[in-house]
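Q: The following block contains the structure, expressed as structure tokens.
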Amino acid sequence: MENLPIVHRVYKKSISGFSLIEVLIFVSIASMFFVTVAAITTTALRDMKISEHKIVATRYAQELLSWIKVEKEDNWTNFSNRDITYGTVYCFNTDITNLTDWPTQGPCNTENNNDNYSLGVPPMYLRQATITVNNNSANILVEVKWREGKSILTVPINTILSVWE
């Protein structure tokens, strides 16, 4: 080995391994990559869950609006003669298939004045309708709310029902 030129000795020393600095840089870059991937995945999962809840809330709102339309079509006189003042709110936190008549007037509140999110499985939605009747039309606002973390999200459907008879 003594007879080898200097070039060969330098070459043998340079292939001996990675330095500590190179390993630290690689580990730092790899950890930043994995943290970024975890953050993106967490955000995507949260957004997917919000979208799922929004789809269910929209179904509940459309279901109630369909029920109200049937009530209006069955008998407009009874529908419009209800004790409806401007912006009367009704709580529909029950399954529509079991509903035989209008609930009592008032928002969906418990005795402690906390919102009553008792619709759905698991119970997490609140459904109410605000109805205003004017002569031959009714303005209907159906809202379904739910809690998502510290936020309260809402799906509103607003429509006008008219009598064409």
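Ordered as shown in the structure tokens, chains take letters A, B, and onward, while each chain numbers its residues from 1 and ligands are numbered from 1 in the order shown.
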Just asking: which residues within range 71-142 of chain A are strand (DSSP E) according to DSSP, as a ChimeraX atom specification?

A: /A:88-91,125-134,137-142

Q: Would you give me, as a VMD selection string, the residues in range 9-158 of chain A that DSSP reads as helix (DSSP H, G or I)?

A: chain A and resid 9 to 14 20 to 74 76 to 80 96 to 98

Q: I'd like the neighbourhood of range 60-62 of chain A as a ChimeraX atom specification, where a residue qualifies if any of its atoms comes within 12 Å (using only C-alpha atoms), though same-chain residues fewer than 5 positions away should be ignored.

A: /A:53-55,67-69,92-97,119-120,124-129,140-146,154-159

Q: If you keep C-alpha atoms, can you produce a file of those selected residues as a PDB file, in the first residue's frame?

A:
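Result went into again_28.pdb, see below:
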ATOM      1  CA  HIS A  53     -71.970  15.782   7.837  1.00  0.00           C
ATOM      2  CA  LYS A  54     -73.044  18.399   5.295  1.00  0.00           C
ATOM      3  CA  ILE A  55     -74.529  15.709   3.026  1.00  0.00           C
ATOM      4  CA  TRP A  67     -92.983  17.227   4.513  1.00  0.00           C
ATOM      5  CA  ILE A  68     -93.931  20.919   4.677  1.00  0.00           C
ATOM      6  CA  LYS A  69     -94.818  20.903   0.953  1.00  0.00           C
ATOM      7  CA  PHE A  92     -88.410  19.370  13.965  1.00  0.00           C
ATOM      8  CA  ASN A  93     -85.853  17.329  15.923  1.00  0.00           C
ATOM      9  CA  THR A  94     -87.805  14.124  15.327  1.00  0.00           C
ATOM     10  CA  ASP A  95     -87.915  11.558  12.586  1.00  0.00           C
ATOM     11  CA  ILE A  96     -90.291  12.816   9.872  1.00  0.00           C
ATOM     12  CA  THR A  97     -91.731   9.325   9.337  1.00  0.00           C
ATOM     13  CA  LEU A 119     -81.397  14.464  15.540  1.00  0.00           C
ATOM     14  CA  GLY A 120     -79.525  11.680  13.782  1.00  0.00           C
ATOM     15  CA  MET A 124     -75.654  15.617  16.476  1.00  0.00           C
ATOM     16  CA  TYR A 125     -78.054  17.647  14.325  1.00  0.00           C
ATOM     17  CA  LEU A 126     -80.624  20.329  15.093  1.00  0.00           C
ATOM     18  CA  ARG A 127     -83.432  20.909  12.554  1.00  0.00           C
ATOM     19  CA  GLN A 128     -85.876  23.776  12.567  1.00  0.00           C
ATOM     20  CA  ALA A 129     -88.081  25.651  10.120  1.00  0.00           C
ATOM     21  CA  ILE A 140     -89.937  28.656   4.325  1.00  0.00           C
ATOM     22  CA  LEU A 141     -86.423  28.585   5.754  1.00  0.00           C
ATOM     23  CA  VAL A 142     -85.257  25.138   6.840  1.00  0.00           C
ATOM     24  CA  GLU A 143     -81.987  25.042   8.783  1.00  0.00           C
ATOM     25  CA  VAL A 144     -80.034  22.026   9.927  1.00  0.00           C
ATOM     26  CA  LYS A 145     -77.140  22.765  12.284  1.00  0.00           C
ATOM     27  CA  TRP A 146     -74.399  20.644  13.797  1.00  0.00           C
ATOM     28  CA  THR A 154     -75.463  25.224   9.075  1.00  0.00           C
ATOM     29  CA  VAL A 155     -77.184  23.989   5.941  1.00  0.00           C
ATOM     30  CA  PRO A 156     -80.002  26.441   5.076  1.00  0.00           C
ATOM     31  CA  ILE A 157     -82.666  25.831   2.421  1.00  0.00           C
ATOM     32  CA  ASN A 158     -84.913  28.780   1.669  1.00  0.00           C
ATOM     33  CA  THR A 159     -87.959  28.457  -0.584  1.00  0.00           C
TER      34      THR A 159
END

Q: Would you work out the distance separating CA of Ile50 in chain A from CA of Tyr117 in chain A, expressed in Å to one decimal?

A: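 Taking CA of Ile50 in chain A and CA of Tyr117 in chain A, their separation equals 16.2 Å.
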
Q: Mind pulling up the distance from CA of Val89 in chain A to CA of Asn109 in chain A?

A: 11.4 Å
